[in-house]
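Visitor: The following block contains the structure, expressed as structure tokens.
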Amino acid sequence: MKVKFNVTGMTCAACSARVEKVTKAVPGVANAEVNLLAGRMVADVENEAVCGAICSAVADAGYGAAVDNGKKKEQPKAPAEDAMKDMKTRIIWSGAFLIVLMYLTMGHMVGLPTPHIFHGLENAALFALVQFLLTLPAVILNRSYFSKGLKALWHRSPNMDSLIAVGSGASLIYGVVALLRMTWAMGNGHWDVVELYSKNLYFESAAMILTLITLGKFLETRAKGKTGDAIRQLMDLAPKTALVRRDGEETEIPADQVRVGDTVIVKSGGRIPVDGTVTEGRASVDQSALTGESVPVEKEPGDTVAAATINTSGYLEFRADKVGEDTTLSQVIRMVEEAGGSKAPIARLADKIAGIFVPVVMTIAAAAFAVWMMAGQTLEFSLTTAIAVLVISCPCALGLATPVAIMVGTGRGAKMGVLFKNAEALENLHRAKTILLDKTGTLTTGKPEVTDVLPGDATEFVLLRTAVALEAKSEHPYAKAILEYAKEKEISIREIKEFETLPGRGVCGIYNGTKVYGGNARLMEEIGVSVPEYPFLTAAGKTPLYFANASGKYLGAIAAADVLKPDSRSSVEALKKLGLDVVMLTGDNEKTAKAIAKQAGIDHVIPDVLPGDKAGIVERYQREGRRVIMVGDGINDAPALATADVGIAIGAGTDIAIESADVVLMSGSLSQVAGAVELSRATIKNIRENLFWAFFYNSLGIPIAAGVLYPAFGLQLSPMLGAAAMSMSSVFVVTNALRLRFFKPGFAPAAVNPVKDGEAPIVDESTPSVVIGVEGMMCQHCVAAVEKACRSVAGCLAASADLDQKQVTIRGDADLSALENAIIDAGYTIRK
């Protein structure tokens with residue numbers, strides 16, 4: 001079982017590596033993963049009794065751990081808000097004393113006057129004592145580095161604080177010893193010793209190191225705070241109050257007090273507080289907060305609504321179905337938090353290095369000190385080199401390289417309506433080269449319609465009655481289409497006995513004392529019934545369902561078409577441009593499958609796929625060495641979604657499919673798949689940039705600090721410059737990751753006309769286009785209105801309005817005057 005822990009006291013990657021190591025050493029722990037940025041750990045344990053031992057082990061290592069009870073928390077403050085306030089105070093006061101200290105010690109280098117009382121060797125001890133007193137505030141204010149660092153060192157788990165404590169502490173101790181030596185030398189008349197130490201006190205180095213490190217930590221913490229903006233913004237979407245009707249009276253109550261079954265009222269402009277089903281009213285609902293799509297969706301009785309969406313116009317009453325932690329918004333927040341707190345496989349290298357980083361750095365510092373002393377250099381030179389090595393090393397940059405990018409990337413995905421369940425899915429998505437698309441509900445609407453009724457040896461009425469009786473108990477989408485058609489024809493449903501579903505083939509049962517069958521050609525072949533071919537159906541992408549009885553009588557066929565979604569073709573083109581091999585999976589026969597694939601622009605199709613075969617097809621591609629993405633929405637897609645390297649579930653699909661997937665598309669639109677792949681690639685690129693910088697910085701900085709340039713160029717790195725460089729390296733890594741907040745997918749699907757009867761309009765670069773300037777568009781609702789007006793004109797295949805450019809691009813051969821008139825009728829002005 002997996003148990004979550006909150007871990008305190010970690011300051012760098014060495015800390016997280018140490019916590020992981022001691023946790024894995026506890027008997028009964030199979031694995032443990034620590035997220036430095038989130039301050040969390042997930043441990044795979046045998047039972048709950050192990051949790052106490054884990055907390056004790058972590059405490060013995062110098063950190064704190066407590067089981068996360070998972071209770072709902074209040075709206076959080078910005079991360080580390082209290083810590084930032086404390087650091088700000090420390091920086092201001094440390095900086096104030098440091099400025100005075102630097103003026104006294106280095107002001108003369110730039111011609112600034114210093115008090116006469118500090119001039120001359122006879123005043124050297126007084127001058128040194130003043131420097132010591134000016135350094136003490138910085139040491140006291142930033143004493144946490146010493147308390148935490150030395151404690152970690154005592155527990156044999158040195159971390160970044162240990163490096164700072166040893167480095168600044170060495171400068172401070174050296175300065176104190178120098179002050180005592182000067183005082184002794186003055187009393188004994190050794191003025192040469194006084195002169196030597198008066199020029200090499202290093203108090204300012206200790207104060208500068210502590211102040212610069214704190215400044216860097218402040219900037220780093222402030223930047224890291226922005227990585228959680230996506231989650232906080234999602235939390236802000238939830239309204240605080242709800243208007244409900246109880247006992248016939250409308251009452252405004254806190255949103256968290258809404259109960260399942262309550263009638264909730266949302267008026268125009270209001271935000272929906274919980275998930276539910278519309279019972280009365282009609283409205284346009286802006287679902288962009290959850291799905292990433294800006295165009296409002298019309299809601300009417302029977303439709304579902306989700307918390308945090310906005311009623312832009314209209315009036316709604318709905319029954320509360322999911323409240324509190326069960327709402328879609330809460331599930332999204334939980335998923336984003338878990339994904340942001342998980343660890344990607346790419347982080348393993350950094351983790352391994354971080355585990356030994358600090359001890360290695362301390363060894364290098366000691367070796368540098370010893371080598372320079374043996375080479376005949378002074379104690380001051382050797383000590384400066386050792387301190388520089390300690391303070392320039394930065395395990396923080398290594399530790400932050402992956403988690404900050406993961407957290408920002410998953411947060412940006414949530415805003416796009418793409419939910420990554422874990423960091424591994426985010427990483428694996430960029431590696432995949434093959435994508436398998438389920439047809440029904442993914443490429444198509446999943447709501448087929450009856451297009452043709454073709455009687456055989458029975459009348460149309462008998463054929464329909466038999467079909468309705470058989471399909472009344474079936475859950476197949478085509479069955480629902482037949483029932484809808486029969487309802488329009490006012491054909492009543494007769495009872496059928498011994499109903500049986502034949503997976504992948506059809507259904508059967510006893511109707512009017514005779515066993516009847518309904519299904520595909522394979523089923524007809526099994527029962528020995530010869531059926532005619534209907535080439536005009538398969539050419540149009542329509543699927544015939546054949547009906548016959550046990551005596552071999554062919555009753556006829558009913559054709560239905562599951563039409564492509566409006567954006568399927570353009571989405572497939574986008575996936576191809578990303579270098580993915582697109583394959584369609586369908587249970588349709590080969591001819592029908594190829595016809596639909598052609599409409600969608602797919603070159604590779606696997607027909608006649610039984611529900612249980614999909615996972616096997618995924619495995620077949622994997623055996624060929626391919627990394628596979630599987631996209632689906634149905635229950636029968638769940639095994640394939642779980643088997644694929646990355647399973648992507650369409651949000652409009654079933655809960656089982658969503659649970660089995662690694663990525664969930666909230667809008668139910670295939671166009672988001674390309675955006676998810678692009679975001680994955682951008683995030684992994686960002687992580688690699690961060691890791692490169694962290695490795696490059698340390699690989700270059702540590703040797704320079706150790707003095708490798710001194711023999712050839714006479715260059716020695718100052719500890720103060722090392723401290724500044726160390727601080728800025730962490731800030732650079734976090735700031736680079738924050739760039740992902742502004743990621744925009746390169747693919748933006750054009751709005752197209754609804755597809756009917758299996759025919760998809762082909763819109764590509766060869767399609768004629770015209771651009772019309774439009775004045776009066778103020779928001780995305782205006783954009784949707786203009787696009788809708790244009791698409792209503794005959795010949796318009798696609799319309800895409802640009803709010804910033806104040807124009808609309810129309811593809812097709814629609815009449816220009818008719819387009820302009822439609823836009824004017826919609827309430828807008830043509831810009832000439």
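Order determines the names: the first chain of the structure tokens is A, the second B, and so forth; residues in each chain are numbered 1 upward, and ligands are numbered 1 upward as they are shown.
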Write out as a PyMOL selection string the residues lying within 8 Å of A:Met335, counting only C-alpha atoms and excluding same-chain residues fewer than 4 positions away.
Guide: chain A and resi 331+339+419-421
Visitor: Might you pull out every residue within 12 Å of A:Ile648, with only C-alpha atoms counted and same-chain residues fewer than 2 positions away left off, and present them as a ChimeraX atom specification?
Guide: /A:418-421,425-426,428-429,435-438,442,628-634,637-638,640-646,650-653,657-666,668-670,672-674,676-677
Visitor: Skip stretch 305-320 of chain A itself and residues of its chain fewer than 6 positions away, then list as a compact mmCIF listing (two decimals) with N, CA, C and O atoms, in the first residue's frame all residues within 8 Å of it, counting only C-alpha atoms.
Guide:
```
# COMPACT_ATOMS: atom_id res chain seq x y z
N LEU A 237 -11.42 29.15 -8.38
CA LEU A 237 -12.59 29.05 -9.26
C LEU A 237 -13.85 28.62 -8.52
O LEU A 237 -14.96 28.93 -8.95
N ALA A 238 -13.66 27.89 -7.44
CA ALA A 238 -14.83 27.37 -6.72
C ALA A 238 -15.55 28.51 -6.01
O ALA A 238 -14.94 29.23 -5.21
N PRO A 239 -16.85 28.72 -6.28
CA PRO A 239 -17.58 29.80 -5.61
C PRO A 239 -17.73 29.50 -4.12
O PRO A 239 -17.78 28.33 -3.70
N VAL A 258 -23.70 22.40 0.45
CA VAL A 258 -24.64 21.82 -0.51
C VAL A 258 -24.63 20.31 -0.37
O VAL A 258 -23.56 19.68 -0.29
N ARG A 259 -25.82 19.70 -0.33
CA ARG A 259 -25.94 18.26 -0.18
C ARG A 259 -26.37 17.61 -1.49
O ARG A 259 -27.01 18.25 -2.33
N VAL A 260 -26.00 16.36 -1.67
CA VAL A 260 -26.44 15.61 -2.85
C VAL A 260 -27.97 15.58 -2.87
O VAL A 260 -28.61 15.28 -1.87
N GLY A 261 -28.53 15.90 -4.02
CA GLY A 261 -29.98 15.93 -4.16
C GLY A 261 -30.58 17.31 -4.04
O GLY A 261 -31.75 17.52 -4.42
N ASP A 262 -29.81 18.28 -3.56
CA ASP A 262 -30.31 19.66 -3.47
C ASP A 262 -30.58 20.21 -4.86
O ASP A 262 -29.89 19.87 -5.84
N THR A 263 -31.58 21.10 -4.94
CA THR A 263 -31.83 21.83 -6.18
C THR A 263 -31.05 23.14 -6.12
O THR A 263 -31.29 23.98 -5.25
N VAL A 264 -30.10 23.28 -7.03
CA VAL A 264 -29.22 24.45 -7.04
C VAL A 264 -29.65 25.37 -8.18
O VAL A 264 -29.95 24.90 -9.28
N ILE A 265 -29.66 26.66 -7.91
CA ILE A 265 -30.06 27.66 -8.90
C ILE A 265 -28.86 28.52 -9.26
O ILE A 265 -28.16 29.03 -8.37
N VAL A 266 -28.62 28.67 -10.55
CA VAL A 266 -27.53 29.52 -11.02
C VAL A 266 -28.09 30.47 -12.08
O VAL A 266 -28.58 30.01 -13.12
N LYS A 267 -28.01 31.76 -11.80
CA LYS A 267 -28.52 32.75 -12.73
C LYS A 267 -27.41 33.23 -13.66
O LYS A 267 -26.24 32.90 -13.48
N SER A 268 -27.78 34.03 -14.64
CA SER A 268 -26.82 34.51 -15.64
C SER A 268 -25.65 35.22 -14.95
O SER A 268 -25.85 36.08 -14.09
N GLY A 269 -24.44 34.84 -15.34
CA GLY A 269 -23.24 35.44 -14.77
C GLY A 269 -22.74 34.73 -13.54
O GLY A 269 -21.65 35.02 -13.05
N GLY A 270 -23.51 33.77 -13.02
CA GLY A 270 -23.12 33.05 -11.82
C GLY A 270 -22.20 31.88 -12.11
O GLY A 270 -22.18 31.33 -13.20
N ARG A 271 -21.46 31.47 -11.08
CA ARG A 271 -20.55 30.34 -11.21
C ARG A 271 -21.20 29.10 -10.57
O ARG A 271 -21.76 29.19 -9.48
N ILE A 272 -21.13 27.98 -11.25
CA ILE A 272 -21.76 26.75 -10.79
C ILE A 272 -20.94 26.17 -9.63
O ILE A 272 -19.75 25.94 -9.77
N PRO A 273 -21.59 25.91 -8.45
CA PRO A 273 -20.83 25.52 -7.26
C PRO A 273 -20.51 24.04 -7.14
O PRO A 273 -19.52 23.67 -6.50
N VAL A 274 -21.34 23.16 -7.70
CA VAL A 274 -21.13 21.71 -7.59
C VAL A 274 -21.50 21.04 -8.91
O VAL A 274 -22.06 21.67 -9.80
N ASP A 275 -21.18 19.76 -9.04
CA ASP A 275 -21.57 18.99 -10.23
C ASP A 275 -23.04 18.58 -10.11
O ASP A 275 -23.53 18.28 -9.02
N GLY A 276 -23.71 18.54 -11.25
CA GLY A 276 -25.10 18.11 -11.20
C GLY A 276 -25.71 17.89 -12.57
O GLY A 276 -25.02 17.99 -13.60
N THR A 277 -27.02 17.63 -12.57
CA THR A 277 -27.77 17.40 -13.80
C THR A 277 -28.88 18.44 -13.90
O THR A 277 -29.65 18.64 -12.96
N VAL A 278 -28.94 19.10 -15.07
CA VAL A 278 -29.91 20.17 -15.28
C VAL A 278 -31.33 19.59 -15.25
O VAL A 278 -31.62 18.60 -15.93
N THR A 279 -32.19 20.24 -14.47
CA THR A 279 -33.59 19.82 -14.39
C THR A 279 -34.53 20.85 -15.02
O THR A 279 -35.64 20.51 -15.44
N GLU A 280 -34.08 22.10 -15.08
CA GLU A 280 -34.94 23.14 -15.64
C GLU A 280 -34.07 24.30 -16.14
O GLU A 280 -33.05 24.64 -15.55
N GLY A 281 -34.51 24.92 -17.24
CA GLY A 281 -33.82 26.08 -17.78
C GLY A 281 -32.86 25.73 -18.89
O GLY A 281 -32.55 24.56 -19.15
N ARG A 282 -32.36 26.76 -19.52
CA ARG A 282 -31.37 26.63 -20.59
C ARG A 282 -30.35 27.75 -20.43
O ARG A 282 -30.70 28.87 -20.03
N ALA A 283 -29.11 27.45 -20.76
CA ALA A 283 -28.06 28.45 -20.58
C ALA A 283 -26.83 28.10 -21.39
O ALA A 283 -26.62 26.93 -21.76
N SER A 284 -26.02 29.11 -21.66
CA SER A 284 -24.69 28.91 -22.25
C SER A 284 -23.70 28.88 -21.11
O SER A 284 -23.66 29.80 -20.29
N VAL A 285 -22.91 27.82 -21.05
CA VAL A 285 -21.98 27.63 -19.94
C VAL A 285 -20.54 27.66 -20.44
O VAL A 285 -20.18 26.93 -21.36
N ASP A 286 -19.75 28.54 -19.84
CA ASP A 286 -18.33 28.64 -20.17
C ASP A 286 -17.57 27.59 -19.36
O ASP A 286 -17.48 27.68 -18.13
N GLN A 287 -17.04 26.57 -20.04
CA GLN A 287 -16.34 25.48 -19.38
C GLN A 287 -14.83 25.58 -19.54
O GLN A 287 -14.10 24.61 -19.29
N SER A 288 -14.33 26.75 -19.97
CA SER A 288 -12.91 26.89 -20.30
C SER A 288 -12.00 26.61 -19.11
O SER A 288 -10.87 26.16 -19.27
N ALA A 289 -12.48 26.88 -17.89
CA ALA A 289 -11.65 26.65 -16.71
C ALA A 289 -11.28 25.18 -16.55
O ALA A 289 -10.21 24.85 -16.04
N LEU A 290 -12.15 24.29 -17.02
CA LEU A 290 -11.90 22.86 -16.87
C LEU A 290 -11.42 22.20 -18.16
O LEU A 290 -10.60 21.30 -18.14
N PRO A 296 -18.54 28.75 -25.28
CA PRO A 296 -19.53 28.24 -24.33
C PRO A 296 -20.33 27.07 -24.91
O PRO A 296 -20.49 26.94 -26.12
N LYS A 299 -26.51 24.26 -22.46
CA LYS A 299 -26.99 23.26 -21.51
C LYS A 299 -28.51 23.33 -21.42
O LYS A 299 -29.10 24.41 -21.39
N THR A 327 -16.48 16.56 -6.56
CA THR A 327 -16.74 17.33 -7.78
C THR A 327 -15.59 17.17 -8.77
O THR A 327 -14.46 16.82 -8.40
N THR A 328 -15.90 17.46 -10.01
CA THR A 328 -14.87 17.38 -11.06
C THR A 328 -13.71 18.30 -10.75
O THR A 328 -12.54 17.95 -10.93
N LEU A 329 -14.01 19.51 -10.26
CA LEU A 329 -12.95 20.47 -9.94
C LEU A 329 -12.02 19.92 -8.87
O LEU A 329 -10.79 20.02 -9.01
```
Visitor: Figure out the distance between atom CA of A:Ala725 and atom CA of A:Met106, please, to one decimal in Å.
Guide: 20.8 Å
Visitor: Which of these, A:His119, A:Lys447, A:Lys598, A:Arg156, has the shortest distance to A:Glu484 once you count only C-alpha atoms?
Guide: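 Checking each candidate against A:Glu484, we get A:Lys447 as the closest.
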Visitor: What is the distance between atom CA of A:Thr378 and atom CA of A:Phe146, in Å to one decimal?
Guide: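 Between atom CA of A:Thr378 and atom CA of A:Phe146 the gap works out to 27.1 Å.
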Visitor: Within 10 Å of A:Thr683, counting only C-alpha atoms, which residues show up once you throw out same-chain ones fewer than 2 positions away? Write them as a list in words, please.
Guide: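 Contacts, with the query itself left out: Thr402, Ala405, Ile406, Met407, Val408, Gly409, Thr410, Leu426, Glu427, His430, Val677, Glu678, Leu679, Ser680, Arg681, Lys685, Asn686, Ile687, Arg688, Glu689, Ala737, Arg739, Leu740 and Phe743 of chain A.
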Visitor: Using only C-alpha atoms, find the one residue out of A:Tyr478, A:Phe5, A:Tyr174, A:Phe536 that sits nearest to A:Ile558.
Guide: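 Ranking A:Tyr478, A:Phe5, A:Tyr174, A:Phe536 by distance to A:Ile558, first place goes to A:Tyr478.
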Visitor: Residues at most 6 Å from stretch 537-549 of chain A, counting only C-alpha atoms, excluding those fewer than 4 positions away in the same chain, as a PyMOL selection string?
Guide: chain A and resi 515-520+553-561+591-592+595-596+758
Visitor: Using the chain letters and numbers from this document, which residues of stretch 605-759 of chain A does DSSP assign to alpha helix (DSSP H), as a ChimeraX atom specification?
Guide: /A:614-623,638-643,655-660,671-706,710-713,719-738
Visitor: Could you jot down the atom CA of A:Leu101 to atom CA of A:Gly167 separation for me, Å, one decimal place?
Guide: 19.0 Å
Visitor: Please return, as an MDAnalysis selection string, all residues of stretch 254-434 of chain A that DSSP assigns to strand (DSSP E or B) on the basis of the backbone.
Guide: chainID A and resid 254 263:266 271 275:286 297:299 304:305 310:322 418:420 434
